[in-house]
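Here the structure is laid out as structure tokens; the discussion comes afterwards.
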Amino acid sequence: MTTEATRLQERVILGAEKSLAEGRNAMIDAPTGAGKSRMFSRVAENGYLRGERTIILSHRQNLAKQALKNVERWTGADMVTSLGIDGKLDQSGQVVSTTIQTANANLDKIEAYDRAVVDEGHHAMKGNSDYENMIAALKKANPNISIVAVSATLPDDRSKLIDDLAKADVHSISFEEALNARLIDLPRTATPPEMLANNKTVADIVQEHRGRNKGADIDGIGAEIGRNLPENWDETMAWHYAKNFDQVPTLSFFDTVKEAEAFAKEVREFGIEIETLHSGKGKNANADILENFETGKLKGIASVDMISEGFDVDAKGLFLGKKTTSLREYKQIIGRGSRSYGEQKAEKALLLDMGASTLMHGEITAQAAANNLRKAIDGKSMAPEIAPESEKARAIWKPIEGTKAYAAPIGDRVVYALPSPNGYIAMASSTDRKGARLNLLEIDGQRRGQPSREAFIEWSTEAIRGSERSLARIMSSKGGIDAVIEADWKRNGPSVQKNIELLSANLAAQQQAMQMNASRGM
């Protein structure tokens with residue numbers, strides 16, 4: 001049965017195939033849970049139907065094994081498949097799935113393939129010799145090989161990827177599309193306000209660091225939290241876990257084996273079964289734990305960097321015991337509880353974050369809204385609708401009551417814009433260690449504080465696109481964008497109005513002078 005979910009996936013698959021047919025590589029960009037495994041499996045199947053061979057590259061063994069399961073699950077073709085792990089590369093299949101490490105151990109034996117799929121393609125960065133060497137070996141064996149990468153967390157600057165992916169055509173499914181098609185259902189988030197040993201909450205620490213470092217000091221936030229954890233922190237976390245996830249299949253995430261083991265011990269005191277998953281255990285033991293969780297025999301796993309990425313199981317609960325995470329890792333963890341497979345979930349999953357990640361990066365629903373805005377800009381679907389006075393720009397540009405001006409939080413400042421005959425009167429307020437101030441906006445090649453309409457829209461579009469992360473944090477804060485603008489207007493409103501009056505008078509004088517000169521010329 002064709003659904004909106006499968007239609008979205010087929011659009012991406014067809015787009016990727018079109019790129020390959022025209023001699024270009026393809027990048028599939030979609031949120032975790034949107035069906036990337038099905039899409040790259042179909043790419044492999046399409047190659048098989050054309051008499052082509054495909055190699056799938058993954059950075060972990062469980063992903064390499066899982067890739068073959070997905071090929072079997074999502075394709076109708078009777079393909080021969082083979083696996084490469086532990087340094088042993090079996091290339092007998094029409095579709096070969098291997099870890100990048102095993103592939104590199106066999107570079108001199110790499111056979112010719114027509115297609116290569118790079119799973120979790122964001123790992124294929126310039127300077128990563130495993131990917132650089134493997135792609136070079138594949139191209140040596142077949143200079144015409146086509147490459148398709150898949151990722152939920154592409155870097156903002158794609159030029160950092162290896163050249164074959166940096167220049168690839170991007171075929172995307174946005175958060176909004178995935179949500180509307182019920183491919184994903186973003187979890188609820190909760191951040192318990194527990195008091196630490198320094199009489200501060202995690203939220204207090206994040207706010208203090210944000211004021212000093214604009215929210216970028218991840219290591220500093222994590223270190224301060226770690227120094228101030230109370231002695232009974234494991235018990236506190238276990239209590240929250242038992243309260244929310246007693247009978248719920250739940251994945252938990254920790255920074256260290258010691259922390260995961262201590263947490264699991266406390267959880268068991270509540271009579272709840274949970275196992276730890278980490279590299280210190282044997283491969284067979286970890287495989288059994290994962291299988292028991294998948295089949296429902298085990299309700300809880302406490303993992304240390306084993307299942308953040310690419311684990312195709314829909315957990316009902318997510319427990320984040322990590323002090324901090326990168327935005328990429330946070331999105332990957334969220335994805336473990338986001339899958340809805342094109343159907344309405346009976347109940348949303350819950351993410352309980354005992355650390356700082358949600359507070360640092362913004363709730364996932366706000367991240368989705370900011371991501372949708374950026375992708376709309378990237379796709380040119382909002383220009384010139386991103387102009388402050390456009391109703392379609394209300395997600396970011398807010399009208400200032402009692403004036404004809406508009407405001408938007410862009411980066412670390414609030415930008416004010418008033419449409420004028422020549423473009424805009426524009427200024428920006430900012431707050432840093434030197435205090436708060438208001439400046440006329442400066443755009444290269446434009447009169448200070450008086451840019452043309454085209455120049456301002458071009459500048460603001462690029463600035464908004466680069467502010468996705470700060471927008472997500474603002475959108476998830478109390479009151480969201482409106483509250484930030486309201487607070488800034490209370491501080492700077494009189495100065496903004498004064499500048500508007502002065503510049504408006506200056507513009508009026510300029511126009512009057514031009515009219516007088518024109519009349520004299522007549």
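By convention in this document, the chains of the structure tokens carry letters A, B, ... by their order, each chain's residues are numbered from 1, and ligands are numbered from 1 in the order they are shown.
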**OP:** Find the residues around region 295-299 of chain A up to 6 Å (only C-alpha atoms counted), leave out those fewer than 2 positions away in its own chain, and share them as a PyMOL selection string.
**Re:** chain A and resi 249+292-293
Counting only C-alpha atoms, what are the residues of region 289-332 of chain A within 12 Å of region 260-282 of chain A, and for each of them which pair of atoms is the nearest and at what distance in Å, to one decimal? Sort the table by chain and rising number, as JSON lines.
```
{"residue": "A:Ile289", "atom": "CA", "partner": "A:Glu275", "partner_atom": "CA", "distance": 7.2}
{"residue": "A:Leu290", "atom": "CA", "partner": "A:Leu277", "partner_atom": "CA", "distance": 8.4}
{"residue": "A:Glu291", "atom": "CA", "partner": "A:Leu277", "partner_atom": "CA", "distance": 12.0}
{"residue": "A:Asn292", "atom": "CA", "partner": "A:Glu275", "partner_atom": "CA", "distance": 10.2}
{"residue": "A:Phe293", "atom": "CA", "partner": "A:Glu275", "partner_atom": "CA", "distance": 9.6}
{"residue": "A:Gly296", "atom": "CA", "partner": "A:Glu273", "partner_atom": "CA", "distance": 11.8}
{"residue": "A:Lys297", "atom": "CA", "partner": "A:Glu273", "partner_atom": "CA", "distance": 9.8}
{"residue": "A:Leu298", "atom": "CA", "partner": "A:Glu273", "partner_atom": "CA", "distance": 7.0}
{"residue": "A:Lys299", "atom": "CA", "partner": "A:Glu273", "partner_atom": "CA", "distance": 6.5}
{"residue": "A:Gly300", "atom": "CA", "partner": "A:Ile274", "partner_atom": "CA", "distance": 4.4}
{"residue": "A:Ile301", "atom": "CA", "partner": "A:Glu275", "partner_atom": "CA", "distance": 5.0}
{"residue": "A:Ala302", "atom": "CA", "partner": "A:Thr276", "partner_atom": "CA", "distance": 4.6}
{"residue": "A:Ser303", "atom": "CA", "partner": "A:Leu277", "partner_atom": "CA", "distance": 4.6}
{"residue": "A:Val304", "atom": "CA", "partner": "A:His278", "partner_atom": "CA", "distance": 5.2}
{"residue": "A:Asp305", "atom": "CA", "partner": "A:His278", "partner_atom": "CA", "distance": 7.1}
{"residue": "A:Met306", "atom": "CA", "partner": "A:His278", "partner_atom": "CA", "distance": 6.2}
{"residue": "A:Ile307", "atom": "CA", "partner": "A:Leu277", "partner_atom": "CA", "distance": 8.6}
{"residue": "A:Ser308", "atom": "CA", "partner": "A:Leu277", "partner_atom": "CA", "distance": 11.5}
{"residue": "A:Phe319", "atom": "CA", "partner": "A:Phe263", "partner_atom": "CA", "distance": 11.1}
{"residue": "A:Leu320", "atom": "CA", "partner": "A:Ala260", "partner_atom": "CA", "distance": 10.9}
{"residue": "A:Gly321", "atom": "CA", "partner": "A:Ala260", "partner_atom": "CA", "distance": 8.4}
{"residue": "A:Lys322", "atom": "CA", "partner": "A:Ala260", "partner_atom": "CA", "distance": 9.7}
```
**OP:** Would you list the contacts of Glu4 (chain A) as a PyMOL selection string, taking every protein, DNA or RNA residue within 10 Å and counting only C-alpha atoms, but skipping same-chain residues closer than 2 positions in sequence?
**Re:** chain A and resi 2+6-10+177-178+180-183+342
Subject >> Proximity to Gly411 (chain A) - best of A:Gly466, A:Gly226, A:Pro388, A:Gly362, only C-alpha atoms >> reply: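 Among A:Gly466, A:Gly226, A:Pro388, A:Gly362, it is A:Gly466 that comes nearest to Gly411 (chain A).
Pairwise distance (CA of Pro419 (chain A), CA of Arg473 (chain A)) equals 28.2 Å.
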Subject >> Sel. of strand (DSSP E) residues, region 415-462 of chain A, as JSON, numbers by chain >> reply: {"A": [415, 416, 417, 418, 419, 420, 423, 424, 425, 426, 427, 428, 429, 430, 431, 432, 435, 436, 437, 438, 439, 440]}
Original post:
Can you list, as number ranges by chain, every protein, DNA or RNA residue that comes within 9 Å of region 57-74 of chain A when you count only C-alpha atoms, leaving out same-chain residues fewer than 6 positions away?
Top reply: A: 37-42, 44-45, 81-86, 95-101, 103, 116-121, 123, 131, 287, 309-312
**OP:** For CA of Lys490 (chain A) and CA of Ser467 (chain A), quote the distance in Å rounded to one decimal.
**Re:** 23.2 Å
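Of the residues listed (A:Ala356, A:Ala436, A:Leu251, A:Ile400), A:Ala356 shows the shortest atom-to-atom separation from Asp204 (chain A); distances use only C-alpha atoms.
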Original post:
Between CA of Gln207 (chain A) and CA of Tyr406 (chain A), what is the spacing in Å?
Top reply: 26.8 Å
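By chain and then residue number, the residues within 10 Å of Met360 (chain A) are Ala203, Val206, Gln207, His209, Arg210, Gly215, Ala216, Asp217, Ile218, Ile221, Thr324, Thr325, Ser326, Leu327, Gly355, Ala356, Ser357, Glu363, Arg469, Ser470, Ala472 and Arg473 of chain A, counting only C-alpha atoms and disregarding those fewer than 3 positions away in sequence.
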**OP:** Would you please work out which residue, of A:Pro399, A:Gly449, A:Gly222, A:Pro187, is nearest to Leu350 (chain A) when using only C-alpha atoms?
**Re:** A:Pro187
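Proximity to Leu196 (chain A) at 7 Å, evaluated using only C-alpha atoms and with sequence-adjacent residues fewer than 2 positions away removed, yields Glu194, Asn198, Asn199, Lys200, Thr201, Asn228, Leu229 and Pro230 of chain A.
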With all heavy atoms kept, could you save the residues just selected as a PDB file, in the first residue's frame?
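Final output, saved to again-v1.pdb:
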```pdb
ATOM      1  N   GLU A 194      16.714  18.976  39.422  1.00  0.00           N
ATOM      2  CA  GLU A 194      17.358  18.497  40.641  1.00  0.00           C
ATOM      3  C   GLU A 194      18.476  19.446  41.065  1.00  0.00           C
ATOM      4  O   GLU A 194      19.230  19.955  40.239  1.00  0.00           O
ATOM      5  CB  GLU A 194      17.930  17.094  40.421  1.00  0.00           C
ATOM      6  CG  GLU A 194      16.871  16.012  40.253  1.00  0.00           C
ATOM      7  CD  GLU A 194      16.146  15.702  41.561  1.00  0.00           C
ATOM      8  OE1 GLU A 194      16.647  16.091  42.637  1.00  0.00           O
ATOM      9  OE2 GLU A 194      15.068  15.065  41.496  1.00  0.00           O
ATOM     10  N   ASN A 198      26.370  22.280  44.466  1.00  0.00           N
ATOM     11  CA  ASN A 198      26.662  23.718  44.562  1.00  0.00           C
ATOM     12  C   ASN A 198      25.392  24.570  44.684  1.00  0.00           C
ATOM     13  O   ASN A 198      25.421  25.776  44.456  1.00  0.00           O
ATOM     14  CB  ASN A 198      27.474  24.172  43.355  1.00  0.00           C
ATOM     15  CG  ASN A 198      26.751  23.918  42.037  1.00  0.00           C
ATOM     16  OD1 ASN A 198      25.690  23.286  42.007  1.00  0.00           O
ATOM     17  ND2 ASN A 198      27.331  24.394  40.948  1.00  0.00           N
ATOM     18  N   ASN A 199      24.286  23.893  45.011  1.00  0.00           N
ATOM     19  CA  ASN A 199      22.989  24.569  45.187  1.00  0.00           C
ATOM     20  C   ASN A 199      22.493  25.218  43.897  1.00  0.00           C
ATOM     21  O   ASN A 199      21.782  26.222  43.926  1.00  0.00           O
ATOM     22  CB  ASN A 199      23.056  25.615  46.304  1.00  0.00           C
ATOM     23  CG  ASN A 199      23.233  24.980  47.673  1.00  0.00           C
ATOM     24  OD1 ASN A 199      22.622  23.949  47.968  1.00  0.00           O
ATOM     25  ND2 ASN A 199      24.077  25.583  48.492  1.00  0.00           N
ATOM     26  N   LYS A 200      22.901  24.655  42.776  1.00  0.00           N
ATOM     27  CA  LYS A 200      22.418  25.096  41.472  1.00  0.00           C
ATOM     28  C   LYS A 200      21.826  23.914  40.738  1.00  0.00           C
ATOM     29  O   LYS A 200      22.212  22.761  40.979  1.00  0.00           O
ATOM     30  CB  LYS A 200      23.559  25.688  40.636  1.00  0.00           C
ATOM     31  CG  LYS A 200      24.193  26.936  41.218  1.00  0.00           C
ATOM     32  CD  LYS A 200      25.348  27.400  40.339  1.00  0.00           C
ATOM     33  CE  LYS A 200      26.028  28.624  40.929  1.00  0.00           C
ATOM     34  NZ  LYS A 200      27.197  29.066  40.104  1.00  0.00           N
ATOM     35  N   THR A 201      20.892  24.181  39.834  1.00  0.00           N
ATOM     36  CA  THR A 201      20.389  23.139  38.950  1.00  0.00           C
ATOM     37  C   THR A 201      21.236  23.114  37.682  1.00  0.00           C
ATOM     38  O   THR A 201      22.022  24.038  37.429  1.00  0.00           O
ATOM     39  CB  THR A 201      18.918  23.393  38.567  1.00  0.00           C
ATOM     40  OG1 THR A 201      18.854  24.611  37.795  1.00  0.00           O
ATOM     41  CG2 THR A 201      18.038  23.507  39.798  1.00  0.00           C
ATOM     42  N   ASN A 228      30.005  18.767  40.588  1.00  0.00           N
ATOM     43  CA  ASN A 228      28.993  19.095  41.585  1.00  0.00           C
ATOM     44  C   ASN A 228      27.874  18.070  41.698  1.00  0.00           C
ATOM     45  O   ASN A 228      26.824  18.361  42.280  1.00  0.00           O
ATOM     46  CB  ASN A 228      28.394  20.469  41.265  1.00  0.00           C
ATOM     47  CG  ASN A 228      29.378  21.599  41.488  1.00  0.00           C
ATOM     48  OD1 ASN A 228      29.658  21.976  42.628  1.00  0.00           O
ATOM     49  ND2 ASN A 228      29.924  22.126  40.403  1.00  0.00           N
ATOM     50  N   LEU A 229      28.091  16.874  41.189  1.00  0.00           N
ATOM     51  CA  LEU A 229      27.080  15.832  41.348  1.00  0.00           C
ATOM     52  C   LEU A 229      27.036  15.384  42.804  1.00  0.00           C
ATOM     53  O   LEU A 229      28.074  15.069  43.398  1.00  0.00           O
ATOM     54  CB  LEU A 229      27.394  14.624  40.449  1.00  0.00           C
ATOM     55  CG  LEU A 229      27.241  14.842  38.942  1.00  0.00           C
ATOM     56  CD1 LEU A 229      27.596  13.565  38.193  1.00  0.00           C
ATOM     57  CD2 LEU A 229      25.832  15.287  38.583  1.00  0.00           C
ATOM     58  N   PRO A 230      25.861  15.324  43.407  1.00  0.00           N
ATOM     59  CA  PRO A 230      25.772  14.870  44.805  1.00  0.00           C
ATOM     60  C   PRO A 230      26.084  13.386  44.920  1.00  0.00           C
ATOM     61  O   PRO A 230      26.016  12.648  43.931  1.00  0.00           O
ATOM     62  CB  PRO A 230      24.314  15.174  45.178  1.00  0.00           C
ATOM     63  CG  PRO A 230      23.591  15.275  43.890  1.00  0.00           C
ATOM     64  CD  PRO A 230      24.568  15.756  42.865  1.00  0.00           C
TER      65      PRO A 230
END
```
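Proximity of A:Met427, A:Ile500, A:Val148, A:Ala487 to Lys404 (chain A), computed with only C-alpha atoms, is greatest for A:Ile500.
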**OP:** Measuring atom to atom with only C-alpha atoms, identify which of A:Val257, A:Leu186, A:Met134, A:Ile173 is nearest to Lys109 (chain A).
**Re:**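 Closest candidate: A:Met134.
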Original post:
Nearest to Gly127 (chain A): which of A:Arg24, A:Lys243, A:Lys167, A:Lys160 is it, counting only C-alpha atoms?
Top reply: A:Lys160
